[in-house]
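Novice: After the structure tokens below, expect a handful of questions from me.
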Amino acid sequence: MRTICREPKTQSFTFSRHTSAPTSSLSTTPSTSTKESMVSTSIEEAEALILKWDPETSTYGSVTSLFYNDKAEAMHYIHCVNQLQKTMHALLEHNPSSRKLVLAQNLMQMAMKRLQKEFYQILSMSRAHLDPESVSARSSTTSRTSFCSDSYDEGTAEDDVRDTGDCISEVERVSSETVAVLKSIADCMVSNGYGKECVTVYTTMRKSIVDEGIYRLSVEELSASRVNKMAWEVLELKIKAWLEAVKIGVRTLFAGERILCDQVFGASHSVAEACFAEISRSGAALLFRFPELVARTKKSPPEKIFRMIDMYAVIAELWPEIESIFSFDSTSAAKSQAYALLFRLSESIRTSFFEFETTIQKDSSKSGAKFAGVHSLTVQVMNHLSTLADYSNVLSEIFFDVPPPSRSPLPESYLYSPQSDNSTITETEFSVQMARLILVLLCKIDGKSRHCKEVSLSYLFLTNNLRHVVAKVRTSNLIYVLGDDWVLNHEARMKRLMENYERVAWGKVLSSLPENPTAEMPPAEARVMFGNFNLEFEKAYQRENVFTIPEQEFREEIKASLARKISPVYREMHETRRNTEGSVREMREYVIFTPEDIENYMLNLFNARRSSSTAEEKHFIFCKKFFL
């Protein structure tokens, strides 16, 4: 048998309408007979109502729900139970051997058993009205509307709820009424020493709802070995599903349960804390464990870092809500798990950056000996970096105040002085990381340029790849990460590389042209000058025309630049000589190319398959006259 009288586990309630005992300074202390009469009346009133709803002594009580049948009588029931508790305390103090105390204790046990049953039924039958989404969306003020008070007022308790319901939707009204009923039962059971029974029913019911909610969000228990065996495509789908699930889980599922616990057990902070801790513990642990498994998996496709950034970003975004929802000491494990998750993901993301640098340095792919196009490594790396730049806000936070690890030195043979990059001003450590990765890429491309058959081809190769890098920076969020100065600096390098190409490949052609093409010269000198030009142009053209430049825009830029330097000067020289030459036949003996021929040659540069029959014929004449 239970103890005769349980001590309330929470502070006594203050009621707004009536008090259970006179408080006026003019009131007189009741006599002993009056006290006994009050005790008898209280017990008799409670006994009649409790026995009426006791399923073991009343057929009506066994088949009818107290709170669904008559809310006014239900609140009167609560009132009688609370008064019975006060009566028991009075008997214990003044007449502990009274038989009425034993009767009152037995009645209290019947009442608590009935209330426990009603509590379970309401929780079970009102799941639709107590789903976390409805609870979390409902106004805190509205949801805390009291259904009743300890001092019973039959005419006003239900009216208060109805008045409130006028300004909210029907669903929310029903939800508010249900919460208020649960709160009244919980307050009664906890204050009368039956909090454990109440909490057991509540946590059992609500934990099943949370667990079901987690399951419906497609969050499942996974082992590290199972995650490692998953195909990346499957794992990526699970990551994307988790990104949506964690938002709903935190903002709706756990937030709703926290609010509901605070509402139902608002009279006892410790009970509300214990309930929410028990309800949320396993679900939160399962929800926050998944990113840890992803971070630890051995799979490292290029897309993995983006998904890890996504997971970090969503946890960082939800962090204020996680802190608020799991603010209890007993729920600190969930909060600590989420915080540790941020740390682990940020660590994995930084490691991925350094591994990516190593991957670039170890790349062994080769291009053709006559290939001057953009290397596949350049395309892949810049696509990767431009996507990373889309996450610049998150990555700036991840790399904030984090010293970089020691790195291997860059090659000293880098054609355009990587040391000057050290002076580039960057605002964040993330900017430094991105600039470093591009520098490593360019150094690697420089190393690949050594495999080019000709020095001029290596300059074309370097220029084209640097041009692709700069264009990618300009047309993506990389411009905001690296800044305009970085772009201007590398555009200047690109210009110098282009000048080097023209000097190495076409320098002798340009030097064979006179500084003043309109100046008159003796026929013998003109014959030598045209002969030198013919020889150098043919050699340069035959050497450079075999190179492959797939990028049309870059190809046209080079041809246009060379044409501007060669064609106008040659045309003026040709026109001057034609005007001064006495015999056209004599001029044809040493002038192989007309100005139109030069222009056509330049148009067909870097595409030997399109060489015209005229060009082939000129080449035959050239060989016949100068090599036979």
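Ligands are numbered from 1 in the order shown, chains are lettered A, B, ... in the order of the structure tokens, and residues start at 1 in each chain.
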Can you pull out every residue within 12 Å of region 549-558 of chain A, counting only C-alpha atoms, but drop anything in the same chain fewer than 2 positions away, and send it as a PyMOL selection string?

Specialist: chain A and resi 368+370-375+457+459-468+471+494-495+497-499+501-502+505-506+544-547+560-565+602-608

Novice: Counting only C-alpha atoms, which of A:Ser40, A:Thr178, A:Ser223, A:Asn500 gets nearest to Ser124 (chain A)?

Specialist: A:Thr178

Novice: Out of A:Val473, A:Glu257, A:Leu510, A:Tyr570, which residue has the shortest atom-to-atom distance to Ala389 (chain A) when counting only C-alpha atoms?

Specialist: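 Checking each of A:Val473, A:Glu257, A:Leu510, A:Tyr570 against Ala389 (chain A), counting only C-alpha atoms, the winner is A:Val473.
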
Novice: Between CA of Ser456 (chain A) and CA of Glu515 (chain A), what is the spacing in Å?

Specialist: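 Going from CA of Glu515 (chain A) over to CA of Ser456 (chain A), I get 24.2 Å.
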
Novice: If we count only C-alpha atoms, what is near Arg527 (chain A) at a cut-off of 12 Å, once residues fewer than 2 positions away on the same chain are taken out, given as a list in words?

Specialist: Met521, Pro522, Pro523, Ala524, Glu525, Met529, Phe530, Gly531, Asn532, Phe533, Asn534, Met573, His574, Arg577, Glu581, Glu586, Met587, Arg588, Glu589, Tyr590, Val591 and Ile592 of chain A

Novice: Skipping near chain neighbours, those fewer than 4 positions away, what residues fall within 8 Å of Gln433 (chain A) using only C-alpha atoms, listed as an MDAnalysis selection string?

Specialist: chainID A and resid 353 429 437

Novice: Please identify the helix (DSSP H, G or I) residues within region 177-339 of chain A (assignment by DSSP from backbone atoms) and present them as a ChimeraX atom specification.

Specialist: /A:177-191,195-216,224-229,232-264,269-296,304-325,329-339

Novice: Have a look at A:Lys472, A:Met311, A:Val455, A:Glu323 and name the one nearest to Gln380 (chain A); count only C-alpha atoms.

Specialist: A:Lys472

Novice: Here is a test: counting only C-alpha atoms, which residue of A:Leu345, A:Ala245, A:Leu260, A:Ile239 is nearest to Glu273 (chain A)?

Specialist: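 Result for the nearest residue to Glu273 (chain A): A:Leu260.
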
Novice: Can you tell me how far CA of Ala241 (chain A) sits from CA of Gly213 (chain A), in Å to one decimal?

Specialist: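 The value is 14.0 Å.
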
Novice: Could you check how far CA of Asp310 (chain A) sits from CA of Val394 (chain A), in Å to one decimal?

Specialist: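 Separation between CA of Asp310 (chain A) and CA of Val394 (chain A): 9.1 Å.
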
Novice: Considering only C-alpha atoms, state which residue in the set A:Glu73, A:Asp363, A:Glu244, A:Glu177 is at the smallest distance from Ile122 (chain A).

Specialist: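 Of A:Glu73, A:Asp363, A:Glu244, A:Glu177, the one nearest Ile122 (chain A), counting only C-alpha atoms, is A:Glu177.
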